[in-house]
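Visitor: Right, I'll just put the structure down here and ask away after.
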Amino acid sequence: MRVSAIPSGRRTKWAVLVFWIGLLAVAGIFSGKFDDVVKNEVGTFLPKNAESTQALELAKRFTPDVSSAVVLYERDGGAVTADDQAVAREDARRFAGLAHVTAPVVGPVVAKDGRAIEIVVPIESGGTGETGAGEIEAAVKQMRSVLHSHPGLTTHVTGPAGYAADQADAFSGADKSLLLLTIAIVVVILLFTYRSPVLWIAPLICVGVALVVAQATIYLFARYGDLTVKGDTGFILTVLVFGAGTDYALLLIARYREELRRYEDRHEAMAVALRRAGPAILGSGVTLGLSLLCFLVAELNSTKSVGPALAIGVASALAAMTTLFPALLVVLGRWVFWPVRPAFGSPEPPRRGPWAWIGRVVSRRPRVTWIGTSVVLGVLALGLIGFTADNMRLKDSFTSKPEAVTGEQAMALHFPAGGGDPVQIIGAAGAAGPLRSTAAATPGIADVTTPVVKDGHVYLEGTLTAASNSEAAFATVDRLRDAVHAVPGGQAKVGGGNAVNLDYKRAAEHDRTLLVPLVLVVVGLIIGVLLRALVAPLVLLGTVVLSFGAALGVSALTFKHVFGFAGTDPAIPLWIFVFLIALGVDYNIFLMTRVHEESKAHGTRQGALRGLKATGGVITSAGVVLAGTFTALATLPLVFAAEIGFAVAFGVLLDTFVVRSVLVTALTYDIGRRMWWPSALSREERGSELEENPPHTLAPR
């Protein structure tokens with residue numbers, strides 16, 4: 001029995017449904033615990049060999065795993081008074097008594113200009129999942145409720161803990177909102193595409209099941225394996241499963257509807273549809289899944305783990321849409337297409353829409369078309385000139401201005417810019433004096449604390465003069481590392497927030513350099529196996545790389561000049577690259593597998609036009625769905641989500657409407673049967689007389 005006959009069989013379709021119902025019942029138990037395995041601790045993101053990771057482990061001997069909240073007081077219109085200082089001292093006492101505030105509270109400290117007061121409150125954050133973030137958020141909320149009751153004083157809670165609390169607040173309820181928005185987008189597009197009040201329900205149910213199964217699987221790997229789940233994994237997983245799963249559904253529905261006109265038995269029609277559309281769907285899912293699995297060789301632990309987690313989501317969507325979805329369609333019968341049901345023997349609707357017109361235009365001057373399109377895409381890629389993704393300061397990571405951001409800006413007016421985020425120096429106890437004097441003499445270090453010695457190690461903290469996570473702060477960290485590493489017998493490690501972000505930035509750059517060519521090789525091999533050719537994969541890879549450059553170029557300009565974003569996270573270009581390359585290739589696979597099929601009977605050039613006409617509508621719908629789901633990410637109040645959402649959505653639309661329909665079609669038409677070299681199809685004479693005719697005679701009328 002063919003595999004395609006299992007979900008479409010008269011009896012086996014019921015077995016498939018029972019299997020998925022049972023799987024959903026079990027998965028539902030674990031998917032609800034997904035948030036319990038989310039980890040946001042710094043140590044889980046960085047490579048184990050990073051200096052800041054090693055410093056973090058050593059620092060635990062001296063301090064608990066804490067996140068500092070920096071409390072700032074400003075007197076409206078002048079210098080702080082003795083009464084203000086008394087208020088701050090009382091607040092410091094109250095803060096010290098809060099839950100999870102275990103280390104001594106530092107301050108209050110009056111600024112040198114006499115216009116502000118600062119208190120540093122260390123909050124223990126050793127929990128996992130939502131626990132650690134919840135401890136910080138609860139403590140910061142209590143502190144803010146106390147501070148906001150002081151008349152005449154402007155107060156802020158900022159620093160790492162303030163930012164963590166504001167990020168938690170930004171994400172509060174966002175997962176449900178994002179899911180509902182994503183569902184709404186998919187429903188609207190499916191209603192518009194099929195104009196059926198019931199057909200959209202089937203793919204939506206199946207994608208929802210796939211998401212639950214994916215969340216449960218990821219939970220089990222994280223709970224009992226070595227998989228790290230970041231806080232943003234759930235958001236990207238939702239849009240990816242819904243977007244990719246709906247794409248697979250659209251492709252299968254289109255082919256199934258064709259076969260229902262040719263076969264009276266809907267079971268047979270589905271078996272044929274699966275057999276013919278299955279390779280494209282499978283190739284698409286495998287391409288995206290393996291591209292994400294390439295992240296296993298990344299240096300950043302966050303990237304290394306998020307890739308496999310999303311690959312699980314893709315595998316779940318692929319499994320559901322090639323087994324559960326066809327079984328459900330066969331069970332429901334032809335009426336699910338109401339009011340336009342594809343009756344047996346009815347003629348295929350004429351394809352005289354925009355895709356036939358594009359095919360006629362391309363066939364007249366294919367070489368001029370693909371050269372001109374490539375030039376336009378190249379011009380769009382010029383937006384990358386001057387674009388850098390090497391740093392994003394915390395204050396620039398929000399699309400709005402929460403209290404942590406305004407507090408940091410106010411603090412920079414009165415105190416050293418890096419006061420709330422010191423560097424940590426841990427070394428051998430015998431070198432305590434030289435390490436302190438060396439650190440204090442390093443340019444960019446404003447002050448160094450008194451050494452604390454324990455278990456043969458010494459612990460020091462240094463205050464930076466530069467703002468946290470700025471290029472100047474990173475330069476100071478490099479200078480400090482060079483200086484303390486040179487202290488004889490010091491065995492020093494430099495950590496802290498700025499050191500962590502510097503190591504993160506460099507690891508992200510390393511991962512880009514490693515993973516970009518690796519993903520291209522993997523994608524090229526899959527296309528080559530699917531199309532049994534060497535020329536076609538190279539051509540298709542070239543088109544999607546050009547499309548990626550154009551999409552990122554436009555996005556870079558949009559980020560800066562339209563959205564006004566101040567920076568881009570170092571890991572974002574890699575994510576955009578993988579999504580656009582893998583998802584862009586999806587549409588080329590959908591198109592070229594149909595072109596390959598049509599070329600066997602009609603020749604490559606006619607096959608290119610027929611393939612475009614046959615797949616134009618469904619691929620366009622799929623692209624719009626995927627772009628819509630990623631656009632939903634832009635509604636989150638964080639810059640990284642907005643940047644990924646916009647760039648992927650724009651890139652997918654560019655692939656759908658320009659690259660796949662115009663550039664790939666023109667290249668295939670111009671290259672002809674050589675596109676399939678070295679397979680037998682490249683030497684096939686069938687239809688060759690059509691290829692020798694002038695291009696304009698090939699256009700369908």
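Here, A, B, ... name the chains of the structure tokens in the order displayed, residue numbers run from 1 inside each chain, and ligands are numbered from 1 in the same displayed order.
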Env of Gly433 of chain A: 12 Å cut, atoms = only C-alpha atoms, seq-sep filter 5 positions within chain, self excluded. Answer as a ChimeraX atom specification.

Guide: /A:427-428,438-440,448-453,458-460,484,487-490

Visitor: Using only C-alpha atoms, which residues sit within 12 Å of Val286 of chain A once same-chain residues fewer than 6 positions away are excluded, as a PyMOL selection string?

Guide: chain A and resi 244+278-280+292-293+311-319+522-523+525-527+529-530+582-583+585-586+589

Visitor: What are the DSSP alpha helix (DSSP H) residues of segment 200-361 of chain A, as number ranges by chain?

Guide: A: 201-224, 233-262, 266-293, 301-319, 325-332, 354-361

Visitor: Smallest atom-to-atom distance to Val625 of chain A: which of A:Phe192, A:Phe590, A:Phe548, A:Phe95, using only C-alpha atoms?

Guide: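 Between A:Phe192, A:Phe590, A:Phe548, A:Phe95, the residue approaching Val625 of chain A most closely is A:Phe192.
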